[in-house]
$ cat query_20.txt   # compact mmCIF, C-alpha atoms
# COMPACT_ATOMS: atom_id res chain seq x y z
CA MET A 42 18.61 14.54 0.76
CA LYS A 43 18.51 10.87 -0.23
CA LYS A 44 16.50 10.06 -3.35
CA VAL A 45 14.55 6.81 -3.17
CA GLU A 46 12.17 5.11 -5.59
CA ILE A 47 9.39 3.00 -4.13
CA TYR A 48 7.14 0.73 -6.16
CA THR A 49 4.04 -0.62 -4.44
CA ASP A 50 1.14 -2.94 -5.12
CA GLY A 51 -1.69 -4.56 -3.23
CA ALA A 52 -3.82 -7.52 -4.24
CA CYS A 53 -6.86 -9.28 -2.92
CA SER A 54 -8.51 -12.58 -3.67
CA TYR A 55 -12.18 -11.64 -3.53
CA ASN A 56 -13.05 -8.28 -2.06
CA PRO A 57 -13.06 -8.68 0.89
CA GLY A 58 -10.90 -11.74 1.20
CA PRO A 59 -7.29 -12.73 1.75
CA GLY A 60 -4.90 -10.05 0.56
CA GLY A 61 -1.24 -9.28 0.06
CA TRP A 62 0.94 -6.24 -0.42
CA CYS A 63 4.48 -5.49 -1.55
CA ALA A 64 6.84 -2.52 -1.69
CA ILE A 65 10.18 -2.45 -3.47
CA LEU A 66 12.55 0.32 -2.44
CA ILE A 67 15.44 1.31 -4.69
CA TYR A 68 18.32 3.45 -3.45
CA LYS A 69 21.60 3.83 -5.34
CA GLY A 70 21.01 0.60 -7.23
CA HIS A 71 20.18 -1.43 -4.11
CA GLU A 72 16.77 -3.02 -3.70
CA LYS A 73 14.82 -3.86 -0.58
CA VAL A 74 11.60 -5.86 -0.83
CA VAL A 75 9.03 -5.83 1.98
CA SER A 76 5.71 -7.65 1.87
CA GLY A 77 2.92 -9.10 3.94
CA GLY A 78 -0.75 -9.87 3.93
CA GLU A 79 -3.96 -10.31 5.84
CA ALA A 80 -6.52 -13.10 6.02
CA SER A 81 -9.52 -10.81 5.48
CA THR A 82 -9.12 -7.43 3.83
CA THR A 83 -9.84 -5.40 0.69
CA ASN A 84 -7.77 -4.46 -2.33
CA ASN A 85 -7.75 -0.78 -1.35
CA ARG A 86 -6.51 -1.61 2.16
CA MET A 87 -3.67 -3.64 0.66
CA GLU A 88 -2.74 -0.82 -1.75
CA LEU A 89 -2.60 1.64 1.16
CA THR A 90 -0.67 -0.78 3.37
CA ALA A 91 1.96 -1.29 0.66
CA VAL A 92 2.64 2.45 0.51
CA ILE A 93 2.67 2.84 4.31
CA GLU A 94 5.02 -0.09 4.86
CA GLY A 95 7.31 1.08 2.07
CA LEU A 96 7.61 4.55 3.61
CA LYS A 97 8.15 3.07 7.07
CA GLN A 98 11.40 1.55 5.80
CA LEU A 99 12.96 5.00 5.47
CA ASN A 100 14.94 6.05 8.53
CA THR A 101 15.70 9.61 7.45
CA ARG A 102 13.89 12.31 5.49
CA CYS A 103 14.01 11.38 1.81
CA LYS A 104 12.88 12.62 -1.55
CA VAL A 105 10.64 9.78 -2.70
CA GLU A 106 9.29 8.97 -6.12
CA LEU A 107 6.48 6.54 -5.34
CA PHE A 108 5.04 4.45 -8.16
CA SER A 109 1.63 2.82 -7.77
CA ASP A 110 -1.02 1.40 -10.07
CA SER A 111 -3.70 2.44 -7.58
CA ALA A 112 -5.67 5.44 -8.80
CA TYR A 113 -7.25 5.50 -5.31
CA VAL A 114 -3.88 6.20 -3.67
CA VAL A 115 -2.29 8.40 -6.34
CA ARG A 116 -5.32 10.63 -6.91
CA ALA A 117 -5.82 11.14 -3.17
CA PHE A 118 -2.50 13.00 -3.12
CA ASN A 119 -2.20 14.41 -6.63
CA GLU A 120 -5.75 15.79 -6.57
CA ASN A 121 -5.45 16.89 -2.94
CA TRP A 122 -8.28 14.74 -1.58
CA ILE A 123 -6.11 13.88 1.42
CA THR A 124 -5.89 17.50 2.60
CA LYS A 125 -9.66 17.95 2.25
CA TRP A 126 -10.30 14.76 4.22
CA LYS A 127 -7.89 15.83 6.96
CA ASN A 128 -9.42 19.32 7.14
CA ASN A 129 -12.89 17.71 7.39
CA GLY A 130 -11.78 15.60 10.35
CA TRP A 131 -11.40 12.54 8.08
CA LYS A 132 -15.10 12.79 7.15
CA LYS A 133 -16.49 12.43 3.64
CA SER A 134 -17.40 16.12 3.50
CA VAL A 135 -17.60 19.19 5.73
CA ASN A 136 -21.07 18.42 7.10
CA SER A 137 -20.81 14.64 7.04
CA THR A 138 -20.77 12.48 10.14
CA GLN A 139 -19.45 9.54 8.15
CA ASP A 140 -15.74 8.73 8.21
CA ILE A 141 -13.94 8.18 4.93
CA LYS A 142 -13.32 4.53 4.15
CA ASN A 143 -10.02 3.19 5.49
CA ARG A 144 -9.61 6.22 7.76
CA ASP A 145 -7.05 4.46 9.95
CA LEU A 146 -4.78 3.79 6.99
CA TRP A 147 -5.23 7.23 5.43
CA GLU A 148 -4.27 8.89 8.71
CA GLU A 149 -1.16 6.71 9.00
CA LEU A 150 -0.26 7.30 5.37
CA PHE A 151 -0.62 11.05 5.86
CA ARG A 152 1.82 10.85 8.81
CA GLN A 153 4.31 8.82 6.78
CA VAL A 154 4.13 11.10 3.73
CA SER A 155 4.54 14.20 5.92
CA ALA A 156 7.97 12.97 7.00
CA HIS A 157 9.30 13.03 3.43
CA GLU A 158 9.03 14.78 0.07
CA VAL A 159 6.85 12.35 -1.85
CA GLU A 160 5.86 12.51 -5.50
CA PHE A 161 3.12 10.03 -6.43
CA VAL A 162 3.34 8.57 -9.93
CA LYS A 163 0.52 6.52 -11.43
CA VAL A 164 1.67 3.52 -13.44
CA LYS A 165 -0.46 1.25 -15.54
CA GLY A 166 -1.00 -2.06 -13.79
CA HIS A 167 -0.06 -5.33 -15.48
CA SER A 168 1.93 -3.55 -18.17
CA ASP A 169 5.64 -3.32 -18.90
CA VAL A 170 6.69 -1.65 -15.63
CA GLU A 171 9.12 -4.24 -14.27
CA TYR A 172 9.00 -3.29 -10.61
CA ASN A 173 5.22 -2.95 -10.58
CA ASN A 174 4.94 -6.44 -12.05
CA ARG A 175 7.34 -7.78 -9.43
CA CYS A 176 5.30 -6.12 -6.66
CA ASP A 177 2.14 -7.66 -8.07
CA GLU A 178 3.73 -11.11 -8.12
CA VAL A 179 4.99 -10.84 -4.54
CA ALA A 180 1.64 -9.47 -3.30
CA ARG A 181 -0.22 -12.32 -4.97
CA ASN A 182 2.19 -14.84 -3.44
CA GLU A 183 1.43 -13.36 -0.01
CA ILE A 184 -2.25 -14.20 -0.57
CA SER A 185 -1.37 -17.86 -0.92
CA ALA A 186 -0.17 -17.89 2.69
CA PHE A 187 -3.80 -17.41 3.69
CA THR A 188 -5.52 -19.46 1.00
CA ASN A 189 -3.35 -22.58 1.36
CA VAL A 190 -3.78 -22.97 5.11
CA ALA A 191 -5.40 -26.25 6.08
CA GLU A 192 -5.96 -27.73 9.49
CA ASN A 193 -4.70 -31.20 10.21
CA GLU A 194 -6.45 -33.58 12.56
CA ASP A 195 -5.05 -32.14 15.79
CA GLY A 196 -5.90 -28.56 14.77
CA ALA A 197 -2.39 -27.42 13.91
CA GLU A 198 -2.00 -25.38 10.75
CA ASN A 199 -0.07 -26.67 7.76
CA ARG A 200 1.09 -24.59 4.84
$ encode --input "query_20.txt" --output "structure tokens"
Amino acid sequence: MKKVEIYTDGACSYNPGPGGWCAILIYKGHEKVVSGGEASTTNNRMELTAVIEGLKQLNTRCKVELFSDSAYVVRAFNENWITKWKNNGWKKSVNSTQDIKNRDLWEELFRQVSAHEVEFVKVKGHSDVEYNNRCDEVARNEISAFTNVAENEDGAENR
């Protein structure tokens, strides 16, 4: 089974506001960077999207070591919140009628993780983890695509 490392990060300017995400995949010394963003989102949605989009790059079952500075994402798997949410029908608790926040992304992430063997590793954000810092930089650059858009006189967008 292929062994892949994936580093992810999401960022948001205001919360909600324009956001960006990045995933860096490393396989046998080769790197692949994927990134994107949204005009109006939250930091947690960008963190989840980074993980989802990173896993979507894998075209065969892999053993994945996934590094994230998001306690929200890492704890959901390492503390088994995800299984409880799924068993509760993606509700906050057994008797709740209220969906968990970001249900759509959690469901997709659960599908993506189920296709692989994934170990979630929490890294400290903005520290000396090179790939996490690179992900943060790329994610923040993605935000600028939404914050630097101006309309010219005829309504066309300029960047």
$ closest_atom_pairs --input "query_20.txt" --of "segment 119-160 of chain A" --to "segment 101-109 of chain A" --cutoff "10 Å" --atoms "all atoms listed in the file" --output "CSV"
residue,atom,partner,partner_atom,distance
A:Val154,CA,A:Val105,CA,9.2
A:Ser155,CA,A:Arg102,CA,9.5
A:Ala156,CA,A:Arg102,CA,6.1
A:His157,CA,A:Arg102,CA,5.1
A:Glu158,CA,A:Lys104,CA,4.7
A:Val159,CA,A:Val105,CA,4.7
A:Glu160,CA,A:Glu106,CA,5.0
$ atom_distance --input "query_20.txt" --atom1 "atom CA of Glu79 of chain A" --atom2 "atom CA of Gly61 of chain A"
6.5 Å
$ closest_residue --input "query_20.txt" --among "A:Asp145, A:Glu94, A:Asp50, A:Glu72" --to "Tyr113 of chain A" --atoms "all atoms listed in the file"
A:Asp50
$ closest_residue --input "query_20.txt" --among "A:Lys69, A:Gly77, A:Asn100, A:Val115" --to "Ile184 of chain A" --atoms "only C-alpha atoms"
A:Gly77
$ atom_distance --input "query_20.txt" --atom1 "atom CA of Val179 of chain A" --atom2 "atom CA of Ala91 of chain A"
11.3 Å
$ closest_residue --input "query_20.txt" --among "A:Asn182, A:Gln153, A:Asn129, A:Asn56" --to "Lys97 of chain A" --atoms "only C-alpha atoms"
A:Gln153
$ atom_distance --input "query_20.txt" --atom1 "atom CA of Leu150 of chain A" --atom2 "atom CA of His71 of chain A"
24.2 Å
$ closest_residue --input "query_20.txt" --among "A:Gln98, A:Ser134, A:Ser185, A:Ser111" --to "Asn173 of chain A" --atoms "all atoms listed in the file"
A:Ser111
$ closest_residue --input "query_20.txt" --among "A:Glu120, A:Glu149, A:Asp110, A:Glu178" --to "Ser76 of chain A" --atoms "all atoms listed in the file"
A:Glu178
$ build_atoms --input "query_20.txt" --residues "segment 151-167 of chain A" --atoms "N, CA and C atoms" --output "compact mmCIF listing (two decimals), keeping the file's coordinate frame"
# COMPACT_ATOMS: atom_id res chain seq x y z
N PHE A 151 -0.85 9.62 5.80
CA PHE A 151 -0.62 11.05 5.86
C PHE A 151 0.59 11.35 6.76
N ARG A 152 0.68 10.67 7.91
CA ARG A 152 1.82 10.85 8.81
C ARG A 152 3.13 10.44 8.13
N GLN A 153 3.10 9.30 7.44
CA GLN A 153 4.31 8.82 6.78
C GLN A 153 4.75 9.76 5.65
N VAL A 154 3.82 10.21 4.84
CA VAL A 154 4.13 11.10 3.73
C VAL A 154 4.66 12.44 4.25
N SER A 155 4.13 12.91 5.36
CA SER A 155 4.54 14.20 5.92
C SER A 155 6.00 14.22 6.34
N ALA A 156 6.57 13.06 6.57
CA ALA A 156 7.97 12.97 7.00
C ALA A 156 8.95 13.04 5.84
N HIS A 157 8.45 13.08 4.61
CA HIS A 157 9.30 13.03 3.43
C HIS A 157 8.77 13.99 2.36
N GLU A 158 9.52 14.11 1.27
CA GLU A 158 9.03 14.78 0.07
C GLU A 158 8.62 13.67 -0.88
N VAL A 159 7.33 13.48 -1.07
CA VAL A 159 6.85 12.35 -1.85
C VAL A 159 6.13 12.83 -3.10
N GLU A 160 6.55 12.29 -4.23
CA GLU A 160 5.86 12.51 -5.50
C GLU A 160 5.19 11.19 -5.87
N PHE A 161 3.88 11.23 -6.06
CA PHE A 161 3.12 10.03 -6.43
C PHE A 161 3.01 9.96 -7.94
N VAL A 162 3.38 8.79 -8.49
CA VAL A 162 3.34 8.57 -9.93
C VAL A 162 2.43 7.38 -10.22
N LYS A 163 1.44 7.59 -11.06
CA LYS A 163 0.52 6.52 -11.43
C LYS A 163 1.14 5.72 -12.57
N VAL A 164 1.21 4.40 -12.37
CA VAL A 164 1.67 3.52 -13.44
C VAL A 164 0.52 2.62 -13.85
N LYS A 165 0.58 2.16 -15.06
CA LYS A 165 -0.46 1.25 -15.54
C LYS A 165 -0.17 -0.14 -14.98
N GLY A 166 -1.16 -0.73 -14.35
CA GLY A 166 -1.00 -2.06 -13.79
C GLY A 166 -0.91 -3.12 -14.87
N HIS A 167 -0.17 -4.18 -14.58
CA HIS A 167 -0.06 -5.33 -15.48
C HIS A 167 0.41 -4.92 -16.87
